Amino acid sequence: MSQEQKKVEVGSVEYERVGEEYLEKRTLQKKAGWVLLWGLGVGAVISGDYFGWNFGLSAGGFWGLAIATIAMAIMYITMMYSLAELSTALPHAGGPYSFARQTMGPWGGYLTGLAVVIEYVITPAVIVVGIGGYLHSVWPTVPLWIWWVLAYAIFVGINIWGVELTLKVSLVVTILATLVLFIFYIAAPLSGAWHWDLLFNIKPAPGHSATGLPFGWFGVFAALPFAIWFYLAIEELPLAAEEAEDVSRDMPKAMLLGIGALVLLSFLTLIFNSGVGGGAAAIGQSDAPLAEGFQAVFGIGAASIVLTLIGLTGLIASFHSIIYAYGRQIFALSRAGYFPRFWSLTLENRHTPYVALIGGAIFGLIIAFILDKWGSGILGAALLNMAVFGAVISYVLMMVSYIIFKRRKNVNRPYVSPGGTLFAWISLVLAALAAISTLANPDYRPGVYGVAVFYILGVIYFWVYGRHQLVAEAPEEEFALIEEAERELAGG
């Protein structure tokens, strides 16, 4: 068959028939039960209980951040129900890109996947800077960049070695990180270090109360991006759909139990970590709020190294799990031709997307060097905000995908969300509100511009080159093309 015969034009994009050999070099293994999936999902998020959330105290005070956390918990809970239904009906490694591709066409799928890649490549880069900072405080003579390279080398290596090892390591580290948090939750009140009054020691703005909303309702709005850190990345679980042993059973169970655990942890962290040491005023400005919490409970001295290593537990759990996530999203977009196809190559014996994993690590290290050089200023805040903004944009697009997909008839739905489109609309509205809230702090606005720049460059790439390279046999594309052909024959 000639190259021209292998090419098929569909709307504004062009597909190529590649044959079985192409997909044989791009296969994954089914190794994940619901427990391993739960560890992957919770592990990706748990660093948010170790740092990041606390800046919401400075933005909105205790009650302001509490209200923001309730709102974001509702957003993620309703979203998880919707994604559980989508991931069982469309069980592909593309996850968010797959959902949007099915409902909004190649352009919708590409822009959704691109937002997810922005989120998942930037987030571990920010985390690895934190890992390097913790280790540098123990071994100050070792250059920071060595810790970054070692961290990426170790955890990218584990991901390349095999998905079973990846998921088991994620589960073990996640359990350890969760145990560390519960030790703190129990020790803080029992030691006498926790006091209710410390939750309200932030100086209020004129006309407001320290025990109420010290910065008014605008403070609640400004705290939304920080409340997101309690849950950011739990939505990565659909990316493991092709590696789940029984996706219709395991995926909903892992997603719903995962978000349940995270909601519990978020409120326990907010209450107990805000009420120790210097209280909300000090914790709200800390780069390591949990470490400060342990110091308030157990004192400072010989335990400093132990406290540092404790702080690393949550960071490592999320770093490791999100490396998995960016590897799978880049793999799926590349396998379908949206990104250069060689990025989706997998190791012959281990069936892991090594090119995507290594490529994402290289981009992450570049971002880490940028953070180290300019991270104390506006750029550091902008990069953090790019991850959040990329996430909420993908949430809006995924919920639009669900609403459209819900209208489809004669679709096999192994799991059905009890809230249907109502839950999706709730999540969509809250995600849109969260996206707007990222503009509340002027220092964070460059993050929005950064995402816009990435999107513009991505659109240019796809229009000029990527849209002519799509692969008809990629699972996400093949499924969508068959559905589109059937609807066309049916007259709708």
# chains A, B, ... in the order shown; residues from 1 in each chain; ligands from 1

call {"tool": "residues_around", "arguments": {"residues": "A:Leu428", "least_positions_apart": "5", "cutoff": "9 Å", "atoms": "only C-alpha atoms", "output": "PyMOL selection string"}}
result
chain A and resi 75+79+395-400+423+433

call {"tool": "write_last_selection", "arguments": {"atoms": "N, CA and C atoms", "output": "PDB file, in the first residue's frame"}}
result
ATOM      1  N   MET A  75     -15.907  19.690  44.569  1.00  0.00           N
ATOM      2  CA  MET A  75     -15.524  19.646  43.158  1.00  0.00           C
ATOM      3  C   MET A  75     -14.881  18.310  42.801  1.00  0.00           C
ATOM      4  N   MET A  79     -16.373  15.177  40.619  1.00  0.00           N
ATOM      5  CA  MET A  79     -15.577  14.867  39.437  1.00  0.00           C
ATOM      6  C   MET A  79     -15.160  13.399  39.422  1.00  0.00           C
ATOM      7  N   TYR A 395      -9.978  19.995  33.973  1.00  0.00           N
ATOM      8  CA  TYR A 395     -11.191  19.580  34.685  1.00  0.00           C
ATOM      9  C   TYR A 395     -12.438  20.074  33.957  1.00  0.00           C
ATOM     10  N   VAL A 396     -12.415  21.341  33.553  1.00  0.00           N
ATOM     11  CA  VAL A 396     -13.553  21.900  32.826  1.00  0.00           C
ATOM     12  C   VAL A 396     -13.814  21.091  31.558  1.00  0.00           C
ATOM     13  N   LEU A 397     -12.743  20.794  30.812  1.00  0.00           N
ATOM     14  CA  LEU A 397     -12.891  20.062  29.558  1.00  0.00           C
ATOM     15  C   LEU A 397     -13.365  18.623  29.796  1.00  0.00           C
ATOM     16  N   MET A 398     -12.880  17.989  30.866  1.00  0.00           N
ATOM     17  CA  MET A 398     -13.323  16.624  31.166  1.00  0.00           C
ATOM     18  C   MET A 398     -14.796  16.583  31.556  1.00  0.00           C
ATOM     19  N   MET A 399     -15.252  17.586  32.307  1.00  0.00           N
ATOM     20  CA  MET A 399     -16.665  17.607  32.691  1.00  0.00           C
ATOM     21  C   MET A 399     -17.559  17.921  31.488  1.00  0.00           C
ATOM     22  N   VAL A 400     -17.099  18.771  30.585  1.00  0.00           N
ATOM     23  CA  VAL A 400     -17.841  18.987  29.340  1.00  0.00           C
ATOM     24  C   VAL A 400     -17.915  17.667  28.566  1.00  0.00           C
ATOM     25  N   PHE A 423     -23.768  16.133  38.928  1.00  0.00           N
ATOM     26  CA  PHE A 423     -22.433  16.131  39.529  1.00  0.00           C
ATOM     27  C   PHE A 423     -21.415  16.778  38.596  1.00  0.00           C
ATOM     28  N   LEU A 433     -14.636  28.413  38.555  1.00  0.00           N
ATOM     29  CA  LEU A 433     -14.406  29.388  39.626  1.00  0.00           C
ATOM     30  C   LEU A 433     -12.968  29.316  40.117  1.00  0.00           C
TER      31      LEU A 433
END

call {"tool": "select_by_dssp", "arguments": {"residues": "stretch 148-389 of chain A", "states": "helix (DSSP H, G or I)", "output": "short mmCIF file (atom, residue, chain, number, x, y, z; two decimals) with C-alpha atoms, in the first residue's frame"}}
result
data_model
loop_
_atom_site.label_atom_id
_atom_site.label_comp_id
_atom_site.auth_asym_id
_atom_site.auth_seq_id
_atom_site.Cartn_x
_atom_site.Cartn_y
_atom_site.Cartn_z
CA TRP A 148 17.45 16.52 41.52
CA VAL A 149 19.22 14.28 39.04
CA LEU A 150 19.38 11.41 41.54
CA ALA A 151 15.70 11.72 42.39
CA TYR A 152 14.64 11.66 38.75
CA ALA A 153 17.10 8.86 37.95
CA ILE A 154 15.85 6.63 40.79
CA PHE A 155 12.11 7.09 40.29
CA VAL A 156 12.13 7.25 36.50
CA GLY A 157 14.25 4.09 36.71
CA ILE A 158 11.63 2.38 38.90
CA ASN A 159 8.90 3.41 36.44
CA ILE A 160 10.92 2.04 33.53
CA TRP A 161 11.70 -1.22 35.33
CA VAL A 163 4.55 -1.09 36.25
CA GLU A 164 4.17 -3.69 39.01
CA LEU A 165 7.25 -2.40 40.85
CA THR A 166 6.13 1.18 40.22
CA LEU A 167 2.71 0.59 41.77
CA LYS A 168 4.06 -1.40 44.73
CA VAL A 169 6.64 1.28 45.55
CA SER A 170 3.90 3.91 45.28
CA LEU A 171 1.65 1.95 47.66
CA VAL A 172 4.39 1.43 50.27
CA VAL A 173 5.54 5.07 50.23
CA THR A 174 1.93 6.29 50.32
CA ILE A 175 1.13 4.15 53.37
CA LEU A 176 4.25 5.46 55.13
CA ALA A 177 3.36 9.06 54.28
CA THR A 178 -0.19 8.51 55.59
CA LEU A 179 1.11 6.95 58.82
CA VAL A 180 3.39 9.96 59.35
CA LEU A 181 0.37 12.24 59.08
CA PHE A 182 -1.66 10.21 61.56
CA ILE A 183 1.23 10.20 64.05
CA PHE A 184 1.09 13.98 63.88
CA TYR A 185 -2.72 14.15 64.16
CA ILE A 186 -2.61 12.04 67.34
CA ALA A 187 0.52 13.60 68.88
CA ALA A 188 -0.46 17.25 68.36
CA PRO A 189 -3.47 17.35 70.75
CA LEU A 190 -2.09 14.75 73.18
CA TRP A 196 -7.82 26.10 69.21
CA ASP A 197 -6.96 29.80 69.64
CA LEU A 198 -3.87 29.42 67.42
CA LEU A 199 -6.15 28.83 64.44
CA PHE A 200 -7.23 32.48 64.58
CA GLY A 216 -13.73 38.64 53.95
CA TRP A 217 -15.20 36.49 51.19
CA PHE A 218 -12.44 37.57 48.83
CA GLY A 219 -10.07 35.63 51.11
CA VAL A 220 -12.12 32.47 50.51
CA PHE A 221 -11.84 33.09 46.77
CA ALA A 222 -8.07 33.71 47.01
CA ALA A 223 -7.61 30.51 49.04
CA LEU A 224 -9.16 28.22 46.39
CA PRO A 225 -5.88 27.48 44.49
CA PHE A 226 -4.22 26.42 47.76
CA ALA A 227 -7.16 24.20 48.76
CA ILE A 228 -6.66 22.44 45.42
CA ILE A 234 -6.09 12.26 42.08
CA GLU A 235 -7.62 12.61 38.61
CA GLU A 236 -4.59 10.82 37.14
CA LEU A 237 -6.07 7.39 37.90
CA PRO A 238 -7.90 6.97 34.55
CA LEU A 239 -4.44 7.01 32.93
CA ALA A 240 -3.95 3.54 34.43
CA ALA A 241 -7.06 2.11 32.74
CA GLU A 242 -5.12 -0.12 30.31
CA GLU A 243 -3.06 -1.50 33.20
CA VAL A 247 -11.11 -1.74 35.09
CA SER A 248 -14.89 -1.83 35.58
CA ARG A 249 -14.48 -3.05 39.15
CA ASP A 250 -11.10 -1.70 40.25
CA MET A 251 -11.15 1.83 38.85
CA PRO A 252 -14.33 3.19 40.53
CA LYS A 253 -13.38 1.54 43.82
CA ALA A 254 -9.87 3.03 43.82
CA MET A 255 -11.07 6.48 42.74
CA LEU A 256 -13.87 6.79 45.29
CA LEU A 257 -11.92 5.32 48.21
CA GLY A 258 -8.97 7.49 47.21
CA ILE A 259 -10.89 10.77 47.24
CA GLY A 260 -12.55 9.72 50.50
CA ALA A 261 -9.16 9.23 52.14
CA LEU A 262 -7.88 12.55 50.79
CA VAL A 263 -10.89 14.50 52.07
CA LEU A 264 -10.35 13.04 55.55
CA LEU A 265 -6.63 13.86 55.48
CA SER A 266 -7.23 17.39 54.20
CA PHE A 267 -9.43 18.44 57.11
CA LEU A 268 -7.29 16.72 59.74
CA THR A 269 -4.21 18.47 58.34
CA LEU A 270 -5.97 21.84 58.18
CA ILE A 271 -7.19 21.62 61.78
CA PHE A 272 -4.17 20.14 63.53
CA ASN A 273 -1.28 21.62 61.54
CA SER A 274 -2.73 25.14 61.70
CA GLY A 279 -0.35 29.06 64.80
CA ALA A 280 -2.00 29.93 61.51
CA ALA A 281 0.01 33.16 61.19
CA ALA A 282 3.34 31.28 61.16
CA ILE A 283 2.20 28.05 59.47
CA PRO A 289 4.46 23.28 57.70
CA LEU A 290 4.43 19.63 58.76
CA ALA A 291 8.09 19.75 59.82
CA GLU A 292 7.32 22.84 61.89
CA GLY A 293 4.38 21.00 63.34
CA PHE A 294 6.54 18.08 64.43
CA GLN A 295 9.08 20.49 65.93
CA ALA A 296 6.29 22.12 67.93
CA VAL A 297 5.19 18.70 69.20
CA PHE A 298 8.54 16.96 69.78
CA SER A 304 16.02 17.33 63.20
CA ILE A 305 17.36 14.81 60.66
CA VAL A 306 14.47 12.45 61.38
CA LEU A 307 12.01 15.31 60.89
CA THR A 308 13.66 16.14 57.59
CA LEU A 309 13.34 12.55 56.38
CA ILE A 310 9.73 12.48 57.58
CA GLY A 311 9.06 15.51 55.42
CA LEU A 312 10.53 13.67 52.45
CA THR A 313 8.03 10.80 52.69
CA GLY A 314 5.09 12.70 51.29
CA LEU A 315 7.18 14.49 48.69
CA ILE A 316 8.60 11.22 47.39
CA ALA A 317 5.16 9.60 47.23
CA SER A 318 3.77 12.35 45.01
CA PHE A 319 6.94 12.74 42.96
CA HIS A 320 6.98 9.04 42.13
CA SER A 321 3.27 8.78 41.30
CA ILE A 322 3.12 11.87 39.09
CA ILE A 323 6.13 10.65 37.09
CA TYR A 324 3.92 7.66 36.26
CA ALA A 325 1.12 10.03 35.23
CA TYR A 326 3.09 12.22 32.85
CA GLY A 327 4.64 9.10 31.33
CA ARG A 328 1.20 7.65 30.53
CA GLN A 329 -0.33 10.87 29.17
CA ILE A 330 2.67 11.60 26.92
CA PHE A 331 2.68 7.92 25.86
CA ALA A 332 -1.00 7.98 24.86
CA LEU A 333 -0.80 11.27 22.95
CA SER A 334 2.34 10.07 21.18
CA ARG A 335 0.92 6.61 20.35
CA ARG A 341 5.45 8.94 17.69
CA PHE A 342 8.82 7.77 18.99
CA TRP A 343 7.88 9.14 22.44
CA SER A 344 5.44 6.23 22.82
CA TYR A 354 10.70 4.70 28.64
CA VAL A 355 11.03 7.50 26.07
CA ALA A 356 8.06 9.43 27.52
CA LEU A 357 9.36 8.95 31.06
CA ILE A 358 12.89 10.12 30.22
CA GLY A 359 11.65 12.99 28.05
CA GLY A 360 9.37 14.29 30.81
CA ALA A 361 12.27 14.08 33.28
CA ILE A 362 14.49 16.18 31.02
CA PHE A 363 11.80 18.88 30.79
CA GLY A 364 11.32 18.62 34.57
CA LEU A 365 15.01 19.13 35.27
CA ILE A 366 15.04 22.21 33.03
CA ILE A 367 12.11 23.60 35.05
CA ALA A 368 13.92 22.75 38.31
CA PHE A 369 16.96 24.75 37.21
CA ILE A 370 14.66 27.66 36.31
CA LEU A 371 12.98 27.42 39.73
CA ASP A 372 16.34 27.39 41.49
CA LYS A 373 17.57 30.48 39.67
CA TRP A 374 14.41 32.60 39.78
CA ILE A 378 7.36 35.93 40.57
CA LEU A 379 8.48 33.09 38.30
CA GLY A 380 8.36 30.54 41.12
CA ALA A 381 4.75 31.44 41.91
CA ALA A 382 3.96 31.47 38.19
CA LEU A 383 5.27 27.93 37.69
CA LEU A 384 3.26 26.62 40.63
CA ASN A 385 0.21 28.37 39.27
CA MET A 386 0.77 26.90 35.80
CA ALA A 387 0.29 23.42 37.28
CA VAL A 388 -2.94 24.45 39.03
CA PHE A 389 -4.26 26.38 36.04
#

call {"tool": "residues_around", "arguments": {"residues": "stretch 469-479 of chain A", "least_positions_apart": "5", "cutoff": "8 Å", "atoms": "only C-alpha atoms", "output": "PyMOL selection string"}}
result
chain A and resi 13-19+23+92+94+98+101-102+335-338

call {"tool": "write_last_selection", "arguments": {"atoms": "N, CA and C atoms", "output": "mmCIF file, in the first residue's frame"}}
result
data_model
loop_
_atom_site.group_PDB
_atom_site.id
_atom_site.type_symbol
_atom_site.label_atom_id
_atom_site.label_comp_id
_atom_site.auth_asym_id
_atom_site.auth_seq_id
_atom_site.Cartn_x
_atom_site.Cartn_y
_atom_site.Cartn_z
ATOM 1 N N VAL A 13 -8.135 16.822 10.167
ATOM 2 C CA VAL A 13 -6.966 16.022 10.532
ATOM 3 C C VAL A 13 -6.765 14.890 9.530
ATOM 4 N N GLU A 14 -5.602 14.259 9.624
ATOM 5 C CA GLU A 14 -5.239 13.201 8.691
ATOM 6 C C GLU A 14 -4.734 11.992 9.465
ATOM 7 N N TYR A 15 -5.295 10.827 9.156
ATOM 8 C CA TYR A 15 -4.913 9.592 9.830
ATOM 9 C C TYR A 15 -4.053 8.718 8.927
ATOM 10 N N GLU A 16 -3.208 7.908 9.575
ATOM 11 C CA GLU A 16 -2.399 6.942 8.846
ATOM 12 C C GLU A 16 -2.668 5.552 9.395
ATOM 13 N N ARG A 17 -2.767 4.569 8.490
ATOM 14 C CA ARG A 17 -2.874 3.164 8.887
ATOM 15 C C ARG A 17 -1.471 2.633 9.096
ATOM 16 N N VAL A 18 -1.173 2.181 10.314
ATOM 17 C CA VAL A 18 0.210 1.830 10.643
ATOM 18 C C VAL A 18 0.468 0.329 10.750
ATOM 19 N N GLY A 19 -0.538 -0.479 10.982
ATOM 20 C CA GLY A 19 -0.345 -1.919 11.083
ATOM 21 C C GLY A 19 -0.055 -2.387 12.497
ATOM 22 N N LEU A 23 1.749 -1.055 17.019
ATOM 23 C CA LEU A 23 1.169 -1.189 18.349
ATOM 24 C C LEU A 23 1.893 -2.215 19.202
ATOM 25 N N HIS A 92 -8.959 3.577 28.308
ATOM 26 C CA HIS A 92 -7.743 3.753 27.520
ATOM 27 C C HIS A 92 -6.696 4.516 28.327
ATOM 28 N N GLY A 94 -5.100 6.961 27.504
ATOM 29 C CA GLY A 94 -5.172 8.398 27.269
ATOM 30 C C GLY A 94 -5.916 9.157 28.342
ATOM 31 N N SER A 98 -8.508 10.937 26.065
ATOM 32 C CA SER A 98 -9.427 9.975 25.462
ATOM 33 C C SER A 98 -10.875 10.421 25.608
ATOM 34 N N ARG A 101 -11.442 13.397 23.344
ATOM 35 C CA ARG A 101 -11.361 12.990 21.937
ATOM 36 C C ARG A 101 -12.667 12.346 21.494
ATOM 37 N N GLN A 102 -13.257 11.545 22.369
ATOM 38 C CA GLN A 102 -14.493 10.839 22.036
ATOM 39 C C GLN A 102 -15.661 11.800 21.854
ATOM 40 N N ARG A 335 1.369 7.830 21.033
ATOM 41 C CA ARG A 335 0.920 6.612 20.346
ATOM 42 C C ARG A 335 -0.132 6.944 19.296
ATOM 43 N N ALA A 336 -0.957 7.950 19.592
ATOM 44 C CA ALA A 336 -2.000 8.356 18.654
ATOM 45 C C ALA A 336 -1.520 9.387 17.643
ATOM 46 N N GLY A 337 -0.252 9.799 17.724
ATOM 47 C CA GLY A 337 0.314 10.705 16.735
ATOM 48 C C GLY A 337 0.224 12.180 17.057
ATOM 49 N N TYR A 338 -0.402 12.559 18.161
ATOM 50 C CA TYR A 338 -0.516 13.976 18.525
ATOM 51 C C TYR A 338 0.851 14.553 18.877
#

call {"tool": "closest_residue", "arguments": {"among": "A:Ala205, A:Gly212, A:Arg467, A:Phe51", "to": "A:Val8", "atoms": "only C-alpha atoms"}}
result
A:Arg467

call {"tool": "closest_residue", "arguments": {"among": "A:Leu28, A:Ile403, A:Leu40, A:Ile67", "to": "A:Ser82", "atoms": "only C-alpha atoms"}}
result
A:Ile403

call {"tool": "atom_distance", "arguments": {"atom1": "atom CA of A:Trp229", "atom2": "atom CA of A:Phe339"}}
result
28.4 Å

call {"tool": "residues_around", "arguments": {"residues": "A:Arg408", "least_positions_apart": "3", "cutoff": "10 Å", "atoms": "only C-alpha atoms", "output": "VMD selection string"}}
result
chain A and resid 103 403 to 405 411 487

call {"tool": "residues_around", "arguments": {"residues": "A:Val451", "least_positions_apart": "4", "cutoff": "7 Å", "atoms": "only C-alpha atoms", "output": "VMD selection string"}}
result
chain A and resid 386 390 447 455

call {"tool": "select_by_dssp", "arguments": {"residues": "stretch 7-147 of chain A", "states": "strand (DSSP E)", "output": "ChimeraX atom specification"}}
result
/A:7-10,13-16

call {"tool": "atom_distance", "arguments": {"atom1": "atom CA of A:Pro96", "atom2": "atom CA of A:Ser394"}}
result
7.5 Å

call {"tool": "closest_residue", "arguments": {"among": "A:Thr69, A:Asn441, A:Thr211, A:Thr352", "to": "A:Arg26", "atoms": "only C-alpha atoms"}}
result
A:Thr352

call {"tool": "closest_atom_pairs", "arguments": {"of": "stretch 85-126 of chain A", "to": "stretch 413-422 of chain A", "cutoff": "10 Å", "atoms": "only C-alpha atoms", "output": "tab-separated table"}}
result
residue	atom	partner	partner_atom	distance
A:Glu85	CA	A:Tyr415	CA	5.1
A:Leu86	CA	A:Arg413	CA	8.0
A:Ser87	CA	A:Tyr415	CA	8.9
A:Thr88	CA	A:Pro414	CA	6.0
A:Ala89	CA	A:Arg413	CA	5.0
A:Leu90	CA	A:Arg413	CA	8.8

call {"tool": "write_last_selection", "arguments": {"atoms": "N, CA and C atoms", "output": "PDB file, in the first residue's frame"}}
result
ATOM      1  N   GLU A  85     -17.166   6.806  35.791  1.00  0.00           N
ATOM      2  CA  GLU A  85     -18.028   6.331  34.703  1.00  0.00           C
ATOM      3  C   GLU A  85     -17.308   6.400  33.360  1.00  0.00           C
ATOM      4  N   LEU A  86     -16.624   7.509  33.099  1.00  0.00           N
ATOM      5  CA  LEU A  86     -15.912   7.667  31.834  1.00  0.00           C
ATOM      6  C   LEU A  86     -14.793   6.644  31.678  1.00  0.00           C
ATOM      7  N   SER A  87     -14.027   6.416  32.743  1.00  0.00           N
ATOM      8  CA  SER A  87     -12.862   5.542  32.644  1.00  0.00           C
ATOM      9  C   SER A  87     -13.228   4.080  32.451  1.00  0.00           C
ATOM     10  N   THR A  88     -14.421   3.680  32.899  1.00  0.00           N
ATOM     11  CA  THR A  88     -14.854   2.296  32.674  1.00  0.00           C
ATOM     12  C   THR A  88     -15.499   2.132  31.298  1.00  0.00           C
ATOM     13  N   ALA A  89     -16.127   3.193  30.801  1.00  0.00           N
ATOM     14  CA  ALA A  89     -16.726   3.139  29.460  1.00  0.00           C
ATOM     15  C   ALA A  89     -15.673   3.319  28.368  1.00  0.00           C
ATOM     16  N   LEU A  90     -14.619   4.095  28.686  1.00  0.00           N
ATOM     17  CA  LEU A  90     -13.528   4.366  27.739  1.00  0.00           C
ATOM     18  C   LEU A  90     -12.201   4.025  28.408  1.00  0.00           C
TER      19      LEU A  90
END

call {"tool": "closest_residue", "arguments": {"among": "A:Val126, A:Val10, A:Ala244, A:Ile70", "to": "A:Pro106", "atoms": "only C-alpha atoms"}}
result
A:Val10

call {"tool": "closest_residue", "arguments": {"among": "A:Ile122, A:Tyr22, A:Asn54, A:Trp147", "to": "A:Gly450", "atoms": "only C-alpha atoms"}}
result
A:Ile122
